[in-house]
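To start, the structure under review is shown below, and the notes come after it.
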Amino acid sequence: MSEFGQVTLSEIWRFPIKSVGGEQLLETEILPTGIPGDREFGLVAIDVDNKIISRKTPGNLALAEASAQIDGPVLNICHPTHGEIEVEIRSGESNLGTLSVLGDTVYGIDQGHEVADYFSGLLGKYVRRVRMDASRPPRKVETRVESDLNPTTTFTDGYPLTMHSLQSLQAVNRHIEGFPASNVQF
């Protein structure tokens with residue numbers, strides 16, 4: 001038992017596409033890179049320095065949701081006004097050159113025109129959906145603690161796994177006016 005008392009895990013969430021709503025899981029394996037399939041995909045604003053875009057990007061991104069078959073060939077994406085699509089997950093080698101996530105250089109595999117058109121219509125600007133290229137050097141996690149683990153991550157904001165308490169979420173919401181934060185945003 002920790003010095004804070006008993007801890008109960010109440011929800012597990014995976015977000016297959018960075019900045020797009022995810023799916024609640026009943027159980028999962030935890031890898032050094034986090035939850036399998038979590039933020040394995042990102043959306044790239046091609047006309048803006050190949051940066052992976054975030055939920056803060058203007059448009060309807062916050063309402064979209066994605067679910068994935070881990071080690072499967074399909075990604076399902078749905079949005080209340082743009083409908084639902086099912087797209088094949090592509091593998092292969094990087095074909096968009098270098099991309100940027102919070103200043104880090106990464107490589108992505110383009111996932112095709114159908115899903116690019118879907119998200120471009122949703123956001124009102126040209127974007128491509130990319131998959132993290134696992135054959136390239138991994139994105140390292142910046143740590144403030146010396147460790148032999150050398151953790152890596154995908155398109156996350158910084159760490160392979162994050163946890164928060166309901167109390168900390170309530171504390172954040174006391175400082176936010178209008179649109180409160182929820183578990184599905186982290």
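Each chain in the structure tokens gets a letter, A, B and so on, in the order shown; residues start at 1 in every chain, and ligands are counted from 1 in the order they appear.
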
Wanna dump the segment 64-133 of chain A-segment 149-171 of chain A contacts at 9 Å for me, each residue with its shortest atom pair and the distance in Å to one decimal, counting only C-alpha atoms, ordered by chain and number, as CSV?
residue,atom,partner,partner_atom,distance
A:Val101,CA,A:Phe155,CA,6.7
A:Leu102,CA,A:Asp157,CA,7.2
A:Val106,CA,A:Phe155,CA,8.7
A:Met132,CA,A:Thr154,CA,6.6

Write the residues of the selection above to a file with N, CA and C atoms, as a CSV table (one decimal), in the first residue's frame.
chain,number,residue,atom,x,y,z
A,101,VAL,N,7.1,16.2,-33.7
A,101,VAL,CA,6.2,16.1,-32.6
A,101,VAL,C,6.9,16.8,-31.4
A,102,LEU,N,6.3,18.0,-31.0
A,102,LEU,CA,6.9,18.8,-29.9
A,102,LEU,C,8.4,19.0,-30.1
A,106,VAL,N,10.5,12.6,-36.1
A,106,VAL,CA,10.0,11.3,-36.2
A,106,VAL,C,9.7,11.0,-37.7
A,132,MET,N,3.3,5.8,-37.0
A,132,MET,CA,4.7,5.9,-36.5
A,132,MET,C,5.5,4.8,-37.2

With a distance cut-off of 12 Å and only C-alpha atoms, select the neighbouring residues of Gly72 of chain A, excluding the residue or stretch itself and same-chain residues fewer than 6 positions from it, and output the selection as a list in words.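 Within the cut-off, the hits are Pro36, Gly37, Val87, Glu88, Ile89, Arg90 and Ser91 of chain A.
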
In Å to one decimal, how far is atom CA of Thr105 of chain A from atom CA of Pro73 of chain A?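 Going from atom CA of Pro73 of chain A over to atom CA of Thr105 of chain A covers 26.4 Å.
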
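Between Glu84 of chain A and the residues A:Ala66, A:Ile109, A:Val7, A:Leu43, the shortest atom-to-atom distance, using only C-alpha atoms, involves A:Ala66.
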
Please return as JSON, numbers by chain: the residues of chain A that backbone DSSP assigns to strand (DSSP E). {"A": [12, 13, 14, 23, 24, 25, 41, 42, 43, 44, 45, 51, 52, 65, 66, 67, 68, 74, 75, 76, 77, 78, 79, 83, 84, 85, 86, 87, 88, 98, 99, 100, 101, 104, 105, 106, 107, 108, 109, 110, 127, 128, 129, 130, 131, 132, 139, 140, 152, 153]}

Minimum-distance residue to Pro32 of chain A, chosen among A:Val141, A:Ile52, A:Val20, A:Leu99 (using only C-alpha atoms):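 Selected residue with least distance to Pro32 of chain A: A:Val141.
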
Quick one: everything within 8 Å of Asn95 of chain A, counting only C-alpha atoms, minus sequence neighbours fewer than 2 positions away in the same chain. Send it as a compact mmCIF listing (two decimals) with C-alpha atoms, in the first residue's frame.
# COMPACT_ATOMS: atom_id res chain seq x y z
CA GLU A 93 8.64 2.37 -44.75
CA GLY A 97 10.12 12.42 -44.84
CA GLY A 108 5.67 8.40 -40.57
CA ILE A 109 4.01 6.03 -43.00
CA ASP A 110 1.22 7.69 -44.97

Tell me, as an mmCIF file with all heavy atoms, in the first residue's frame, which residues lie within 12 Å of Phe119 of chain A, counting only C-alpha atoms; anything in the same chain fewer than 6 positions away does not count.
data_model
loop_
_atom_site.group_PDB
_atom_site.id
_atom_site.type_symbol
_atom_site.label_atom_id
_atom_site.label_comp_id
_atom_site.auth_asym_id
_atom_site.auth_seq_id
_atom_site.Cartn_x
_atom_site.Cartn_y
_atom_site.Cartn_z
ATOM 1 N N ILE A 17 -5.222 7.481 -32.490
ATOM 2 C CA ILE A 17 -4.758 8.646 -33.262
ATOM 3 C C ILE A 17 -4.550 9.799 -32.292
ATOM 4 O O ILE A 17 -5.468 10.186 -31.576
ATOM 5 C CB ILE A 17 -5.779 9.067 -34.336
ATOM 6 C CG1 ILE A 17 -6.106 7.895 -35.254
ATOM 7 C CG2 ILE A 17 -5.240 10.249 -35.136
ATOM 8 C CD1 ILE A 17 -7.217 8.197 -36.251
ATOM 9 N N VAL A 20 -7.272 12.611 -31.173
ATOM 10 C CA VAL A 20 -8.606 12.149 -31.529
ATOM 11 C C VAL A 20 -9.103 11.286 -30.370
ATOM 12 O O VAL A 20 -8.322 10.565 -29.752
ATOM 13 C CB VAL A 20 -8.577 11.333 -32.845
ATOM 14 C CG1 VAL A 20 -9.905 10.666 -33.128
ATOM 15 C CG2 VAL A 20 -8.171 12.244 -34.005
ATOM 16 N N GLY A 42 -0.896 9.718 -36.168
ATOM 17 C CA GLY A 42 -1.030 11.154 -35.971
ATOM 18 C C GLY A 42 -1.543 11.792 -37.247
ATOM 19 O O GLY A 42 -1.543 11.170 -38.317
ATOM 20 N N LEU A 43 -1.999 13.023 -37.130
ATOM 21 C CA LEU A 43 -2.426 13.797 -38.292
ATOM 22 C C LEU A 43 -1.375 14.862 -38.560
ATOM 23 O O LEU A 43 -0.945 15.555 -37.639
ATOM 24 C CB LEU A 43 -3.782 14.448 -38.020
ATOM 25 C CG LEU A 43 -4.916 13.469 -37.730
ATOM 26 C CD1 LEU A 43 -6.162 14.220 -37.272
ATOM 27 C CD2 LEU A 43 -5.221 12.620 -38.948
ATOM 28 N N VAL A 44 -0.974 14.990 -39.808
ATOM 29 C CA VAL A 44 0.093 15.914 -40.182
ATOM 30 C C VAL A 44 -0.483 17.024 -41.038
ATOM 31 O O VAL A 44 -1.134 16.756 -42.056
ATOM 32 C CB VAL A 44 1.199 15.188 -40.984
ATOM 33 C CG1 VAL A 44 2.305 16.151 -41.373
ATOM 34 C CG2 VAL A 44 1.751 14.024 -40.205
ATOM 35 N N ALA A 45 -0.238 18.268 -40.618
ATOM 36 C CA ALA A 45 -0.603 19.423 -41.442
ATOM 37 C C ALA A 45 0.536 19.609 -42.439
ATOM 38 O O ALA A 45 1.584 20.157 -42.113
ATOM 39 C CB ALA A 45 -0.791 20.651 -40.575
ATOM 40 N N ILE A 53 -0.408 17.528 -35.689
ATOM 41 C CA ILE A 53 -1.327 18.511 -35.114
ATOM 42 C C ILE A 53 -1.922 17.999 -33.808
ATOM 43 O O ILE A 53 -1.908 16.807 -33.527
ATOM 44 C CB ILE A 53 -2.436 18.914 -36.110
ATOM 45 C CG1 ILE A 53 -3.303 17.718 -36.480
ATOM 46 C CG2 ILE A 53 -1.849 19.522 -37.361
ATOM 47 C CD1 ILE A 53 -4.478 18.090 -37.348
ATOM 48 N N GLY A 59 -11.230 23.307 -35.529
ATOM 49 C CA GLY A 59 -11.994 22.337 -36.308
ATOM 50 C C GLY A 59 -12.777 21.429 -35.384
ATOM 51 O O GLY A 59 -12.919 21.688 -34.201
ATOM 52 N N ASN A 60 -13.262 20.354 -35.928
ATOM 53 C CA ASN A 60 -14.114 19.426 -35.188
ATOM 54 C C ASN A 60 -13.374 18.196 -34.689
ATOM 55 O O ASN A 60 -13.981 17.160 -34.473
ATOM 56 C CB ASN A 60 -15.264 18.977 -36.087
ATOM 57 C CG ASN A 60 -16.199 20.098 -36.420
ATOM 58 O OD1 ASN A 60 -16.591 20.843 -35.533
ATOM 59 N ND2 ASN A 60 -16.556 20.218 -37.682
ATOM 60 N N LEU A 61 -12.079 18.280 -34.496
ATOM 61 C CA LEU A 61 -11.285 17.119 -34.136
ATOM 62 C C LEU A 61 -11.686 16.530 -32.785
ATOM 63 O O LEU A 61 -11.687 15.322 -32.595
ATOM 64 C CB LEU A 61 -9.801 17.505 -34.105
ATOM 65 C CG LEU A 61 -8.788 16.386 -34.105
ATOM 66 C CD1 LEU A 61 -9.012 15.450 -35.278
ATOM 67 C CD2 LEU A 61 -7.391 16.959 -34.148
ATOM 68 N N ALA A 62 -12.062 17.381 -31.831
ATOM 69 C CA ALA A 62 -12.367 16.916 -30.480
ATOM 70 C C ALA A 62 -13.537 15.940 -30.435
ATOM 71 O O ALA A 62 -13.635 15.137 -29.513
ATOM 72 C CB ALA A 62 -12.645 18.102 -29.565
ATOM 73 N N LEU A 63 -14.419 15.967 -31.429
ATOM 74 C CA LEU A 63 -15.587 15.084 -31.419
ATOM 75 C C LEU A 63 -15.342 13.744 -32.119
ATOM 76 O O LEU A 63 -16.162 12.839 -32.025
ATOM 77 C CB LEU A 63 -16.779 15.786 -32.072
ATOM 78 C CG LEU A 63 -17.255 17.061 -31.376
ATOM 79 C CD1 LEU A 63 -18.370 17.707 -32.180
ATOM 80 C CD2 LEU A 63 -17.706 16.781 -29.952
ATOM 81 N N ALA A 64 -14.230 13.625 -32.813
ATOM 82 C CA ALA A 64 -13.924 12.381 -33.516
ATOM 83 C C ALA A 64 -13.450 11.329 -32.521
ATOM 84 O O ALA A 64 -12.872 11.649 -31.487
ATOM 85 C CB ALA A 64 -12.856 12.620 -34.580
ATOM 86 N N GLU A 65 -13.707 10.062 -32.841
ATOM 87 C CA GLU A 65 -13.266 8.943 -32.011
ATOM 88 C C GLU A 65 -12.653 7.875 -32.906
ATOM 89 O O GLU A 65 -13.049 7.731 -34.065
ATOM 90 C CB GLU A 65 -14.439 8.336 -31.244
ATOM 91 C CG GLU A 65 -15.061 9.273 -30.243
ATOM 92 C CD GLU A 65 -16.251 8.646 -29.532
ATOM 93 O OE1 GLU A 65 -16.650 7.518 -29.877
ATOM 94 O OE2 GLU A 65 -16.775 9.310 -28.627
ATOM 95 N N ILE A 77 -12.969 4.914 -37.481
ATOM 96 C CA ILE A 77 -13.025 6.321 -37.089
ATOM 97 C C ILE A 77 -14.462 6.782 -37.255
ATOM 98 O O ILE A 77 -15.103 6.492 -38.264
ATOM 99 C CB ILE A 77 -12.093 7.177 -37.974
ATOM 100 C CG1 ILE A 77 -10.658 6.626 -37.925
ATOM 101 C CG2 ILE A 77 -12.124 8.637 -37.545
ATOM 102 C CD1 ILE A 77 -9.780 7.101 -39.047
ATOM 103 N N CYS A 78 -14.978 7.515 -36.256
ATOM 104 C CA CYS A 78 -16.337 8.037 -36.382
ATOM 105 C C CYS A 78 -16.402 9.458 -35.840
ATOM 106 O O CYS A 78 -15.601 9.860 -35.002
ATOM 107 C CB CYS A 78 -17.346 7.135 -35.681
ATOM 108 S SG CYS A 78 -17.161 7.043 -33.908
ATOM 109 N N HIS A 79 -17.346 10.207 -36.376
ATOM 110 C CA HIS A 79 -17.579 11.595 -35.986
ATOM 111 C C HIS A 79 -19.074 11.851 -36.140
ATOM 112 O O HIS A 79 -19.679 11.404 -37.118
ATOM 113 C CB HIS A 79 -16.776 12.542 -36.880
ATOM 114 C CG HIS A 79 -16.813 13.950 -36.432
ATOM 115 N ND1 HIS A 79 -17.845 14.796 -36.748
ATOM 116 C CD2 HIS A 79 -15.948 14.665 -35.672
ATOM 117 C CE1 HIS A 79 -17.608 15.979 -36.213
ATOM 118 N NE2 HIS A 79 -16.472 15.923 -35.551
ATOM 119 N N HIS A 82 -19.581 13.743 -39.535
ATOM 120 C CA HIS A 82 -18.871 13.243 -40.718
ATOM 121 C C HIS A 82 -19.007 11.740 -40.909
ATOM 122 O O HIS A 82 -18.396 11.171 -41.814
ATOM 123 C CB HIS A 82 -17.391 13.639 -40.650
ATOM 124 C CG HIS A 82 -17.141 15.034 -41.111
ATOM 125 N ND1 HIS A 82 -17.566 16.122 -40.398
ATOM 126 C CD2 HIS A 82 -16.551 15.517 -42.214
ATOM 127 C CE1 HIS A 82 -17.222 17.217 -41.032
ATOM 128 N NE2 HIS A 82 -16.609 16.884 -42.149
ATOM 129 N N GLY A 83 -19.761 11.085 -40.041
ATOM 130 C CA GLY A 83 -20.007 9.660 -40.206
ATOM 131 C C GLY A 83 -18.842 8.796 -39.771
ATOM 132 O O GLY A 83 -17.938 9.237 -39.076
ATOM 133 N N GLU A 84 -18.894 7.556 -40.225
ATOM 134 C CA GLU A 84 -17.907 6.559 -39.807
ATOM 135 C C GLU A 84 -17.201 5.987 -41.027
ATOM 136 O O GLU A 84 -17.807 5.782 -42.071
ATOM 137 C CB GLU A 84 -18.629 5.432 -39.053
ATOM 138 C CG GLU A 84 -17.715 4.401 -38.481
ATOM 139 C CD GLU A 84 -18.443 3.420 -37.578
ATOM 140 O OE1 GLU A 84 -19.533 3.745 -37.068
ATOM 141 O OE2 GLU A 84 -17.915 2.312 -37.399
ATOM 142 N N ILE A 85 -15.908 5.743 -40.883
ATOM 143 C CA ILE A 85 -15.157 5.048 -41.928
ATOM 144 C C ILE A 85 -14.313 3.968 -41.277
ATOM 145 O O ILE A 85 -13.957 4.051 -40.105
ATOM 146 C CB ILE A 85 -14.263 5.988 -42.779
ATOM 147 C CG1 ILE A 85 -13.193 6.671 -41.927
ATOM 148 C CG2 ILE A 85 -15.089 7.000 -43.529
ATOM 149 C CD1 ILE A 85 -12.140 7.385 -42.760
ATOM 150 N N GLN A 111 -1.063 6.937 -44.569
ATOM 151 C CA GLN A 111 -2.133 5.947 -44.482
ATOM 152 C C GLN A 111 -3.180 6.066 -45.593
ATOM 153 O O GLN A 111 -4.250 5.478 -45.500
ATOM 154 C CB GLN A 111 -2.794 6.023 -43.108
ATOM 155 C CG GLN A 111 -1.854 5.632 -41.984
ATOM 156 C CD GLN A 111 -1.409 4.180 -42.082
ATOM 157 O OE1 GLN A 111 -2.221 3.272 -41.943
ATOM 158 N NE2 GLN A 111 -0.129 3.951 -42.336
ATOM 159 N N GLY A 112 -2.891 6.838 -46.631
ATOM 160 C CA GLY A 112 -3.750 6.835 -47.807
ATOM 161 C C GLY A 112 -4.705 8.008 -47.928
ATOM 162 O O GLY A 112 -4.906 8.786 -47.007
ATOM 163 N N HIS A 113 -5.297 8.114 -49.131
ATOM 164 C CA HIS A 113 -6.157 9.254 -49.479
ATOM 165 C C HIS A 113 -7.514 9.234 -48.785
ATOM 166 O O HIS A 113 -8.032 10.284 -48.420
ATOM 167 C CB HIS A 113 -6.362 9.326 -50.997
ATOM 168 C CG HIS A 113 -5.106 9.635 -51.735
ATOM 169 N ND1 HIS A 113 -4.460 10.842 -51.627
ATOM 170 C CD2 HIS A 113 -4.363 8.873 -52.571
ATOM 171 C CE1 HIS A 113 -3.374 10.830 -52.370
ATOM 172 N NE2 HIS A 113 -3.281 9.646 -52.960
ATOM 173 N N LYS A 125 -8.747 21.815 -43.741
ATOM 174 C CA LYS A 125 -7.410 22.043 -44.301
ATOM 175 C C LYS A 125 -6.790 20.698 -44.637
ATOM 176 O O LYS A 125 -7.215 19.659 -44.126
ATOM 177 C CB LYS A 125 -6.530 22.835 -43.348
ATOM 178 C CG LYS A 125 -6.164 22.132 -42.076
ATOM 179 C CD LYS A 125 -5.255 23.046 -41.274
ATOM 180 C CE LYS A 125 -4.869 22.453 -39.963
ATOM 181 N NZ LYS A 125 -3.977 23.325 -39.251
ATOM 182 N N TYR A 126 -5.790 20.727 -45.497
ATOM 183 C CA TYR A 126 -5.184 19.506 -46.003
ATOM 184 C C TYR A 126 -4.304 18.856 -44.935
ATOM 185 O O TYR A 126 -3.342 19.464 -44.472
ATOM 186 C CB TYR A 126 -4.373 19.803 -47.263
ATOM 187 C CG TYR A 126 -3.755 18.581 -47.883
ATOM 188 C CD1 TYR A 126 -4.550 17.551 -48.371
ATOM 189 C CD2 TYR A 126 -2.381 18.457 -47.973
ATOM 190 C CE1 TYR A 126 -3.988 16.427 -48.945
ATOM 191 C CE2 TYR A 126 -1.806 17.331 -48.552
ATOM 192 C CZ TYR A 126 -2.621 16.326 -49.022
ATOM 193 O OH TYR A 126 -2.064 15.207 -49.587
ATOM 194 N N VAL A 127 -4.663 17.628 -44.558
ATOM 195 C CA VAL A 127 -3.857 16.864 -43.608
ATOM 196 C C VAL A 127 -3.694 15.439 -44.114
ATOM 197 O O VAL A 127 -4.468 14.976 -44.946
ATOM 198 C CB VAL A 127 -4.482 16.834 -42.181
ATOM 199 C CG1 VAL A 127 -4.567 18.221 -41.588
ATOM 200 C CG2 VAL A 127 -5.853 16.167 -42.176
ATOM 201 N N ARG A 128 -2.694 14.771 -43.626
ATOM 202 C CA ARG A 128 -2.464 13.356 -43.907
ATOM 203 C C ARG A 128 -2.454 12.622 -42.570
ATOM 204 O O ARG A 128 -2.003 13.164 -41.568
ATOM 205 C CB ARG A 128 -1.110 13.115 -44.589
ATOM 206 C CG ARG A 128 -0.905 13.848 -45.898
ATOM 207 C CD ARG A 128 -1.836 13.455 -46.974
ATOM 208 N NE ARG A 128 -1.707 12.062 -47.377
ATOM 209 C CZ ARG A 128 -2.451 11.510 -48.335
ATOM 210 N NH1 ARG A 128 -3.365 12.218 -48.970
ATOM 211 N NH2 ARG A 128 -2.289 10.251 -48.649
ATOM 212 N N ARG A 129 -2.942 11.381 -42.561
ATOM 213 C CA ARG A 129 -2.832 10.566 -41.352
ATOM 214 C C ARG A 129 -1.628 9.671 -41.535
ATOM 215 O O ARG A 129 -1.462 9.034 -42.583
ATOM 216 C CB ARG A 129 -4.079 9.717 -41.115
ATOM 217 C CG ARG A 129 -3.990 8.957 -39.784
ATOM 218 C CD ARG A 129 -5.234 8.146 -39.559
ATOM 219 N NE ARG A 129 -5.382 7.107 -40.555
ATOM 220 C CZ ARG A 129 -5.169 5.815 -40.347
ATOM 221 N NH1 ARG A 129 -4.797 5.388 -39.175
ATOM 222 N NH2 ARG A 129 -5.355 4.949 -41.317
ATOM 223 N N VAL A 130 -0.773 9.620 -40.535
ATOM 224 C CA VAL A 130 0.450 8.833 -40.618
ATOM 225 C C VAL A 130 0.527 7.858 -39.450
ATOM 226 O O VAL A 130 -0.033 8.084 -38.385
ATOM 227 C CB VAL A 130 1.715 9.721 -40.628
ATOM 228 C CG1 VAL A 130 1.751 10.595 -41.864
ATOM 229 C CG2 VAL A 130 1.810 10.549 -39.363
#

If you run DSSP on this backbone, which residues of segment 102-174 of chain A come out as helix (DSSP H, G or I), and could you give them as a ChimeraX atom specification? /A:113-123,166-173

In Å to one decimal, how far is atom CA of Ser135 of chain A from atom CA of Lys51 of chain A?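 Rounded to one decimal, the two atoms are 19.9 Å apart.
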